[in-house]
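Source file query-v7.cif; content: mmCIF, C-alpha atoms, pLDDT in the B column; chains and numbers go by the auth columns.
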data_query
#
loop_
_atom_site.group_PDB
_atom_site.id
_atom_site.type_symbol
_atom_site.label_atom_id
_atom_site.label_comp_id
_atom_site.label_asym_id
_atom_site.label_seq_id
_atom_site.Cartn_x
_atom_site.Cartn_y
_atom_site.Cartn_z
_atom_site.B_iso_or_equiv
_atom_site.auth_seq_id
_atom_site.auth_asym_id
ATOM 1 C CA MET A 1 84.258 149.289 35.385 75.00 207 P
ATOM 2 C CA LEU A 2 81.521 147.025 34.145 86.00 208 P
ATOM 3 C CA GLN A 3 78.946 146.239 36.831 88.00 209 P
ATOM 4 C CA VAL A 4 77.502 142.752 36.532 95.00 210 P
ATOM 5 C CA LYS A 5 75.517 141.398 39.457 96.00 211 P
ATOM 6 C CA LYS A 6 75.857 137.864 40.712 96.00 212 P
ATOM 7 C CA GLU A 7 72.452 136.787 39.380 97.00 213 P
ATOM 8 C CA MET A 8 73.621 137.811 35.900 97.00 214 P
ATOM 9 C CA VAL A 9 76.612 135.474 35.814 98.00 215 P
ATOM 10 C CA ILE A 10 76.957 131.689 35.622 98.00 216 P
ATOM 11 C CA ILE A 11 80.378 130.080 35.819 98.00 217 P
ATOM 12 C CA ASN A 12 80.962 126.629 34.341 96.00 218 P
ATOM 13 C CA GLU A 13 77.530 126.242 32.789 97.00 219 P
ATOM 14 C CA LYS A 14 76.848 123.249 30.585 97.00 220 P
ATOM 15 C CA ALA A 15 75.527 123.640 27.062 98.00 221 P
ATOM 16 C CA ILE A 16 75.809 121.324 24.120 97.00 222 P
ATOM 17 C CA SER A 17 74.858 123.765 21.366 98.00 223 P
ATOM 18 C CA ALA A 18 75.023 127.431 20.475 98.00 224 P
ATOM 19 C CA GLU A 19 71.259 127.730 20.855 98.00 225 P
ATOM 20 C CA GLU A 20 71.323 126.223 24.330 98.00 226 P
ATOM 21 C CA ALA A 21 74.150 128.566 25.332 98.00 227 P
ATOM 22 C CA ILE A 22 72.235 131.600 24.039 98.00 228 P
ATOM 23 C CA ARG A 23 69.063 130.463 25.819 98.00 229 P
ATOM 24 C CA LYS A 24 70.905 130.021 29.118 98.00 230 P
ATOM 25 C CA ALA A 25 72.376 133.508 28.919 98.00 231 P
ATOM 26 C CA GLY A 26 68.938 134.806 27.902 98.00 232 P
ATOM 27 C CA LYS A 27 67.212 133.061 30.792 98.00 233 P
ATOM 28 C CA LEU A 28 69.281 135.089 33.256 98.00 234 P
ATOM 29 C CA LEU A 29 67.874 138.255 31.680 98.00 235 P
ATOM 30 C CA VAL A 30 64.304 136.889 31.748 98.00 236 P
ATOM 31 C CA ASP A 31 64.571 135.738 35.364 98.00 237 P
ATOM 32 C CA ALA A 32 65.802 139.189 36.387 98.00 238 P
ATOM 33 C CA GLY A 33 62.812 140.768 34.661 98.00 239 P
ATOM 34 C CA LYS A 34 64.973 142.631 32.152 98.00 240 P
ATOM 35 C CA VAL A 35 63.639 141.115 28.923 98.00 241 P
ATOM 36 C CA SER A 36 60.663 139.088 27.690 98.00 242 P
ATOM 37 C CA PHE A 37 60.737 135.408 26.651 97.00 243 P
ATOM 38 C CA ASN A 38 60.155 136.683 23.176 98.00 244 P
ATOM 39 C CA TYR A 39 63.464 138.529 23.298 97.00 245 P
ATOM 40 C CA VAL A 40 65.356 135.296 23.962 98.00 246 P
ATOM 41 C CA ASP A 41 63.615 133.666 20.988 98.00 247 P
ATOM 42 C CA ALA A 42 64.604 136.685 18.893 96.00 248 P
ATOM 43 C CA MET A 43 68.250 136.312 19.955 96.00 249 P
ATOM 44 C CA VAL A 44 68.210 132.669 18.869 97.00 250 P
ATOM 45 C CA LYS A 45 66.424 133.517 15.641 95.00 251 P
ATOM 46 C CA GLY A 46 68.946 136.291 14.908 92.00 252 P
ATOM 47 C CA TYR A 47 71.809 133.869 15.400 94.00 253 P
ATOM 48 C CA LYS A 48 70.192 131.234 13.187 94.00 254 P
ATOM 49 C CA GLU A 49 69.137 133.569 10.416 90.00 255 P
ATOM 50 C CA ILE A 50 71.963 136.057 10.228 86.00 256 P
ATOM 51 C CA GLY A 51 74.722 133.705 11.287 84.00 257 P
ATOM 52 C CA PRO A 52 77.583 133.535 13.725 90.00 258 P
ATOM 53 C CA TYR A 53 78.578 137.189 13.367 87.00 259 P
ATOM 54 C CA ILE A 54 77.756 137.535 17.084 92.00 260 P
ATOM 55 C CA VAL A 55 81.019 135.728 17.756 94.00 261 P
ATOM 56 C CA LEU A 56 82.987 138.956 18.195 92.00 262 P
ATOM 57 C CA GLY A 57 86.410 137.524 18.708 93.00 263 P
ATOM 58 C CA PRO A 58 88.057 134.254 19.690 95.00 264 P
ATOM 59 C CA HIS A 59 85.745 132.280 22.010 97.00 265 P
ATOM 60 C CA ILE A 60 83.382 135.185 22.772 97.00 266 P
ATOM 61 C CA ALA A 61 79.800 135.666 21.564 96.00 267 P
ATOM 62 C CA ILE A 62 77.372 138.501 22.260 95.00 268 P
ATOM 63 C CA PRO A 63 73.859 137.328 21.385 95.00 269 P
ATOM 64 C CA HIS A 64 71.319 140.157 21.184 94.00 270 P
ATOM 65 C CA ALA A 65 68.188 141.249 19.362 93.00 271 P
ATOM 66 C CA ARG A 66 66.403 144.467 18.542 91.00 272 P
ATOM 67 C CA PRO A 67 64.895 146.362 21.499 93.00 273 P
ATOM 68 C CA GLU A 68 61.359 146.024 20.132 94.00 274 P
ATOM 69 C CA TYR A 69 61.379 142.270 20.831 96.00 275 P
ATOM 70 C CA GLY A 70 60.991 143.084 24.490 96.00 276 P
ATOM 71 C CA VAL A 71 63.725 144.781 26.485 97.00 277 P
ATOM 72 C CA TYR A 72 62.407 146.374 29.697 97.00 278 P
ATOM 73 C CA GLU A 73 65.750 147.592 30.967 96.00 279 P
ATOM 74 C CA GLN A 74 69.276 147.705 29.585 95.00 280 P
ATOM 75 C CA CYS A 75 70.997 144.507 30.599 97.00 281 P
ATOM 76 C CA LEU A 76 73.964 142.182 30.268 97.00 282 P
ATOM 77 C CA SER A 77 74.410 138.595 31.383 98.00 283 P
ATOM 78 C CA MET A 78 77.534 136.463 31.160 98.00 284 P
ATOM 79 C CA VAL A 79 77.719 132.708 30.933 98.00 285 P
ATOM 80 C CA LEU A 80 81.064 130.949 31.037 98.00 286 P
ATOM 81 C CA LEU A 81 80.722 127.494 29.538 98.00 287 P
ATOM 82 C CA GLU A 82 82.426 124.512 31.095 97.00 288 P
ATOM 83 C CA ASP A 83 83.033 123.040 27.639 97.00 289 P
ATOM 84 C CA PRO A 84 83.166 125.457 24.683 98.00 290 P
ATOM 85 C CA VAL A 85 80.594 124.958 21.916 98.00 291 P
ATOM 86 C CA SER A 86 80.768 125.649 18.205 98.00 292 P
ATOM 87 C CA PHE A 87 78.798 128.621 16.871 97.00 293 P
ATOM 88 C CA GLY A 88 79.876 127.955 13.302 96.00 294 P
ATOM 89 C CA HIS A 89 82.288 130.881 13.094 93.00 295 P
ATOM 90 C CA PRO A 90 85.190 130.297 10.673 91.00 296 P
ATOM 91 C CA THR A 91 87.938 131.809 12.832 92.00 297 P
ATOM 92 C CA ASN A 92 86.647 132.480 16.350 95.00 298 P
ATOM 93 C CA ASP A 93 85.108 129.131 17.350 96.00 299 P
ATOM 94 C CA PRO A 94 84.584 127.479 19.782 98.00 300 P
ATOM 95 C CA VAL A 95 82.746 129.835 22.114 98.00 301 P
ATOM 96 C CA LYS A 96 83.375 129.732 25.845 98.00 302 P
ATOM 97 C CA LEU A 97 82.027 133.094 27.029 98.00 303 P
ATOM 98 C CA VAL A 98 78.484 134.138 26.095 98.00 304 P
ATOM 99 C CA CYS A 99 77.481 137.730 26.889 97.00 305 P
ATOM 100 C CA ALA A 100 73.781 138.324 26.207 97.00 306 P
ATOM 101 C CA ILE A 101 72.976 142.005 25.871 95.00 307 P
ATOM 102 C CA GLY A 102 69.779 144.013 25.700 95.00 308 P
ATOM 103 C CA GLY A 103 69.270 147.698 24.998 93.00 309 P
ATOM 104 C CA THR A 104 66.033 149.655 25.176 93.00 310 P
ATOM 105 C CA ASP A 105 66.687 151.797 22.098 87.00 311 P
ATOM 106 C CA ASN A 106 69.333 152.300 19.449 80.00 312 P
ATOM 107 C CA GLU A 107 71.740 154.353 21.504 80.00 313 P
ATOM 108 C CA SER A 108 71.333 154.231 25.280 82.00 314 P
ATOM 109 C CA HIS A 109 73.378 151.040 25.586 85.00 315 P
ATOM 110 C CA ILE A 110 76.424 152.597 23.913 86.00 316 P
ATOM 111 C CA ASN A 111 78.234 153.097 27.205 87.00 317 P
ATOM 112 C CA MET A 112 77.615 149.499 28.212 90.00 318 P
ATOM 113 C CA LEU A 113 78.971 148.329 24.847 88.00 319 P
ATOM 114 C CA ARG A 114 81.986 150.586 25.208 87.00 320 P
ATOM 115 C CA GLU A 115 82.790 149.179 28.658 91.00 321 P
ATOM 116 C CA LEU A 116 82.228 145.628 27.454 92.00 322 P
ATOM 117 C CA SER A 117 84.441 146.206 24.461 89.00 323 P
ATOM 118 C CA THR A 118 87.173 147.640 26.692 90.00 324 P
ATOM 119 C CA VAL A 119 87.135 144.538 28.887 94.00 325 P
ATOM 120 C CA LEU A 120 86.883 142.088 26.009 93.00 326 P
ATOM 121 C CA GLY A 121 89.621 143.896 24.074 90.00 327 P
ATOM 122 C CA ASP A 122 92.140 143.299 26.862 93.00 328 P
ATOM 123 C CA PRO A 123 93.868 139.911 26.460 93.00 329 P
ATOM 124 C CA GLU A 124 94.864 139.724 30.129 95.00 330 P
ATOM 125 C CA LYS A 125 91.299 140.322 31.283 96.00 331 P
ATOM 126 C CA ILE A 126 90.009 137.802 28.773 96.00 332 P
ATOM 127 C CA TYR A 127 92.427 135.218 30.099 96.00 333 P
ATOM 128 C CA GLY A 128 91.277 135.925 33.651 97.00 334 P
ATOM 129 C CA LEU A 129 87.591 135.720 32.735 97.00 335 P
ATOM 130 C CA MET A 130 88.000 132.508 30.764 97.00 336 P
ATOM 131 C CA ASN A 131 89.783 130.798 33.638 97.00 337 P
ATOM 132 C CA ALA A 132 87.735 132.166 36.538 97.00 338 P
ATOM 133 C CA ARG A 133 86.501 129.521 38.972 96.00 339 P
ATOM 134 C CA ASP A 134 83.777 131.530 40.686 97.00 340 P
ATOM 135 C CA TYR A 135 81.794 134.753 40.489 97.00 341 P
ATOM 136 C CA ASN A 136 84.121 136.829 42.648 97.00 342 P
ATOM 137 C CA GLU A 137 87.142 135.867 40.639 97.00 343 P
ATOM 138 C CA PHE A 138 85.234 136.454 37.407 97.00 344 P
ATOM 139 C CA VAL A 139 84.050 139.983 38.235 96.00 345 P
ATOM 140 C CA SER A 140 87.489 140.984 39.447 96.00 346 P
ATOM 141 C CA TYR A 141 88.479 141.095 35.757 96.00 347 P
ATOM 142 C CA LEU A 142 85.552 143.248 34.608 94.00 348 P
ATOM 143 C CA MET B 1 84.740 161.374 5.746 94.00 296 Q
ATOM 144 C CA ARG B 2 81.886 159.056 6.403 96.00 297 Q
ATOM 145 C CA VAL B 3 81.916 155.411 7.401 97.00 298 Q
ATOM 146 C CA VAL B 4 79.037 152.973 7.621 97.00 299 Q
ATOM 147 C CA THR B 5 79.532 150.034 9.989 96.00 300 Q
ATOM 148 C CA VAL B 6 77.325 147.039 9.425 95.00 301 Q
ATOM 149 C CA CYS B 7 76.152 144.124 11.526 90.00 302 Q
ATOM 150 C CA GLY B 8 73.191 141.799 11.566 86.00 303 Q
ATOM 151 C CA MET B 9 70.923 144.188 13.416 83.00 304 Q
ATOM 152 C CA GLY B 10 72.647 147.557 13.363 83.00 305 Q
ATOM 153 C CA PHE B 11 72.619 147.538 17.093 81.00 306 Q
ATOM 154 C CA GLY B 12 75.440 145.601 18.722 84.00 307 Q
ATOM 155 C CA THR B 13 78.630 144.841 16.885 87.00 308 Q
ATOM 156 C CA SER B 14 78.253 147.650 14.360 92.00 309 Q
ATOM 157 C CA LEU B 15 78.016 150.206 17.163 91.00 310 Q
ATOM 158 C CA MET B 16 81.095 148.750 18.830 90.00 311 Q
ATOM 159 C CA LEU B 17 82.955 148.931 15.521 93.00 312 Q
ATOM 160 C CA LEU B 18 81.884 152.512 14.903 95.00 313 Q
ATOM 161 C CA MET B 19 83.072 153.634 18.343 93.00 314 Q
ATOM 162 C CA ASP B 20 86.398 151.874 17.859 94.00 315 Q
ATOM 163 C CA ILE B 21 86.951 153.335 14.383 96.00 316 Q
ATOM 164 C CA GLN B 22 86.141 156.853 15.537 96.00 317 Q
ATOM 165 C CA ALA B 23 88.492 156.516 18.496 94.00 318 Q
ATOM 166 C CA ILE B 24 91.288 155.116 16.317 96.00 319 Q
ATOM 167 C CA ALA B 25 90.814 157.835 13.678 97.00 320 Q
ATOM 168 C CA GLN B 26 90.845 160.529 16.328 96.00 321 Q
ATOM 169 C CA LYS B 27 94.059 159.146 17.793 96.00 322 Q
ATOM 170 C CA HIS B 28 95.640 159.667 14.359 97.00 323 Q
ATOM 171 C CA GLY B 29 94.144 163.133 13.993 97.00 324 Q
ATOM 172 C CA PHE B 30 91.255 162.326 11.657 96.00 325 Q
ATOM 173 C CA SER B 31 87.606 162.994 12.178 95.00 326 Q
ATOM 174 C CA VAL B 32 85.243 160.317 10.907 96.00 327 Q
ATOM 175 C CA GLU B 33 81.482 160.615 10.844 96.00 328 Q
ATOM 176 C CA GLY B 34 79.542 157.447 10.852 95.00 329 Q
ATOM 177 C CA GLU B 35 76.444 155.407 11.177 94.00 330 Q
ATOM 178 C CA ALA B 36 75.857 151.865 12.439 94.00 331 Q
ATOM 179 C CA VAL B 37 73.264 149.998 10.417 94.00 332 Q
ATOM 180 C CA ASP B 38 71.870 146.517 9.866 91.00 333 Q
ATOM 181 C CA LEU B 39 72.662 144.513 6.780 90.00 334 Q
ATOM 182 C CA GLY B 40 69.334 145.264 5.111 90.00 335 Q
ATOM 183 C CA SER B 41 69.753 149.037 5.418 92.00 336 Q
ATOM 184 C CA ALA B 42 73.423 149.005 4.468 93.00 337 Q
ATOM 185 C CA LYS B 43 72.924 148.300 0.794 89.00 338 Q
ATOM 186 C CA GLY B 44 73.424 151.426 -1.258 86.00 339 Q
ATOM 187 C CA LYS B 45 74.128 153.678 1.736 92.00 340 Q
ATOM 188 C CA THR B 46 76.095 156.776 0.833 93.00 341 Q
ATOM 189 C CA CYS B 47 79.490 156.714 2.491 96.00 342 Q
ATOM 190 C CA ASP B 48 83.219 156.676 1.778 96.00 343 Q
ATOM 191 C CA PHE B 49 83.777 153.140 3.024 96.00 344 Q
ATOM 192 C CA MET B 50 82.091 150.388 4.991 97.00 345 Q
ATOM 193 C CA VAL B 51 83.376 148.188 7.783 97.00 346 Q
ATOM 194 C CA ALA B 52 81.870 144.908 8.962 95.00 347 Q
ATOM 195 C CA SER B 53 82.776 141.622 10.557 92.00 348 Q
ATOM 196 C CA SER B 54 84.035 139.095 8.038 89.00 349 Q
ATOM 197 C CA GLU B 55 80.744 137.200 8.291 86.00 350 Q
ATOM 198 C CA ILE B 56 78.756 140.247 7.263 91.00 351 Q
ATOM 199 C CA ALA B 57 81.309 141.753 4.863 93.00 352 Q
ATOM 200 C CA SER B 58 80.925 138.810 2.500 90.00 353 Q
ATOM 201 C CA GLU B 59 77.281 139.825 2.059 90.00 354 Q
ATOM 202 C CA LEU B 60 78.308 143.320 0.989 92.00 355 Q
ATOM 203 C CA SER B 61 80.330 142.377 -2.072 86.00 356 Q
ATOM 204 C CA GLY B 62 77.997 144.282 -4.388 89.00 357 Q
ATOM 205 C CA GLU B 63 78.652 147.662 -2.783 90.00 358 Q
ATOM 206 C CA ALA B 64 80.276 150.447 -4.795 91.00 359 Q
ATOM 207 C CA VAL B 65 82.495 151.543 -1.898 94.00 360 Q
ATOM 208 C CA HIS B 66 85.378 149.663 -0.311 95.00 361 Q
ATOM 209 C CA VAL B 67 84.229 147.188 2.342 96.00 362 Q
ATOM 210 C CA ILE B 68 86.731 146.422 5.114 96.00 363 Q
ATOM 211 C CA SER B 69 86.350 142.998 6.672 95.00 364 Q
ATOM 212 C CA ILE B 70 87.322 142.461 10.322 95.00 365 Q
ATOM 213 C CA ASN B 71 87.904 138.943 11.687 94.00 366 Q
ATOM 214 C CA ASN B 72 88.287 139.757 15.361 94.00 367 Q
ATOM 215 C CA LEU B 73 86.128 142.712 16.376 93.00 368 Q
ATOM 216 C CA LEU B 74 87.799 142.786 19.781 92.00 369 Q
ATOM 217 C CA ASP B 75 91.249 143.274 18.293 93.00 370 Q
ATOM 218 C CA LYS B 76 91.721 147.026 18.055 93.00 371 Q
ATOM 219 C CA LYS B 77 95.058 146.455 16.362 95.00 372 Q
ATOM 220 C CA GLU B 78 93.436 144.553 13.491 96.00 373 Q
ATOM 221 C CA ILE B 79 90.835 147.309 13.127 97.00 374 Q
ATOM 222 C CA GLU B 80 93.530 149.979 13.160 97.00 375 Q
ATOM 223 C CA GLU B 81 95.745 148.175 10.644 98.00 376 Q
ATOM 224 C CA LYS B 82 92.882 147.680 8.222 98.00 377 Q
ATOM 225 C CA VAL B 83 91.056 150.979 8.621 97.00 378 Q
ATOM 226 C CA MET B 84 93.843 153.553 8.867 97.00 379 Q
ATOM 227 C CA PRO B 85 95.320 152.939 5.383 97.00 380 Q
ATOM 228 C CA ILE B 86 91.873 153.531 3.884 96.00 381 Q
ATOM 229 C CA ILE B 87 91.301 156.677 5.924 96.00 382 Q
ATOM 230 C CA ARG B 88 94.729 158.018 4.934 95.00 383 Q
ATOM 231 C CA GLN B 89 94.167 157.134 1.307 93.00 384 Q
ATOM 232 C CA MET B 90 90.876 159.012 1.240 89.00 385 Q
ATOM 233 C CA THR B 91 92.077 162.137 2.969 84.00 386 Q
#
Output the file's structure as structure tokens, nothing else.
Amino acid sequence: MLQVKKEMVIINEKAISAEEAIRKAGKLLVDAGKVSFNYVDAMVKGYKEIGPYIVLGPHIAIPHARPEYGVYEQCLSMVLLEDPVSFGHPTNDPVKLVCAIGGTDNESHINMLRELSTVLGDPEKIYGLMNARDYNEFVSYL
Amino acid sequence: MRVVTVCGMGFGTSLMLLMDIQAIAQKHGFSVEGEAVDLGSAKGKTCDFMVASSEIASELSGEAVHVISINNLLDKKEIEEKVMPIIRQMT
């Protein structure tokens, strides 16, 4: 089961753009002392330069950057948007769930990714997450 | 058999893809070695085939090997349906 603490989740957040959504998910990581400000900028830059490939599947994005931009500890935050925003992905827009991830090297976050992918690959869990009204309900699907 | 999975940074989605492909291959009795790389390092990599999200795959059109394009990286069925025929064909 994926462990995500309350301070790493926001339900019904407002964002009017992909960048704002990424920054809000990134801010949770910064506030928890897991990554540097620079890392959040790198996530935004990665999205802008490389494109919306971070939109993994329908309505779900996983912004991230390379560890060297400033990851202090492996981390994951989740922001559920009140109103979905477009990330510019041809088939998986608009995005409602933003999962910002950080890993400290190339491999140690593999287990976290595997657990995340298990949750996000389960349509029933996705439905539950997307429609959760508060933190407790949200984490019950992780 | 060797697969190279590709994403923007060689760190997030490509690793997820690699794990999924290896698990799917194993389920069907095949062993697949692999590496997850970023787009810049992918070009010219030696492998039997490449797999990437559709966004990234379009950037790999110049590769000599077959490039499989995945629309929904969370849909293991899509991955399986696209990857297994290639694995079978190459074995």
Would you list the contacts of Val345 in chain P as a list in words, taking every protein, DNA or RNA residue within 10 Å and counting all atoms listed in the file, but skipping same-chain residues closer than 5 positions in sequence?
Met207, Leu208, Gln209, Val210, Lys211, Lys212, Val215, Gly334, Leu335, Ala338 and Asp340 of chain P
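Straight-line separation from CA of Phe293 in chain P to CA of Ser223 in chain P: 7.7 Å.
Counting from CA of Val261 in chain P, the distance to CA of Lys302 in chain P is 10.3 Å.
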Range 314-323 of chain Q surroundings by only C-alpha atoms, 8 Å radius, close-in-sequence under 3 positions cut, as a PDB file with C-alpha atoms, in the frame of the given file:
ATOM      1  CA  ARG P 320      81.986 150.586  25.208  1.00 87.00           C
TER       2      ARG P 320
ATOM      3  CA  LEU Q 310      78.016 150.206  17.163  1.00 91.00           C
ATOM      4  CA  MET Q 311      81.095 148.750  18.830  1.00 90.00           C
ATOM      5  CA  SER Q 326      87.606 162.994  12.178  1.00 95.00           C
ATOM      6  CA  VAL Q 327      85.243 160.317  10.907  1.00 96.00           C
ATOM      7  CA  GLU Q 328      81.482 160.615  10.844  1.00 96.00           C
ATOM      8  CA  LYS Q 371      91.721 147.026  18.055  1.00 93.00           C
ATOM      9  CA  ILE Q 374      90.835 147.309  13.127  1.00 97.00           C
ATOM     10  CA  GLU Q 375      93.530 149.979  13.160  1.00 97.00           C
ATOM     11  CA  VAL Q 378      91.056 150.979   8.621  1.00 97.00           C
ATOM     12  CA  MET Q 379      93.843 153.553   8.867  1.00 97.00           C
ATOM     13  CA  ILE Q 382      91.301 156.677   5.924  1.00 96.00           C
TER      14      ILE Q 382
END
Matched chain/residue IDs from the PyMOL selection byres ((chain P) within 8 of (chain Q)), as a ChimeraX atom specification:
/P:252,256-260,262-264,270-272,297-298,312,316,319-320,323,326-327
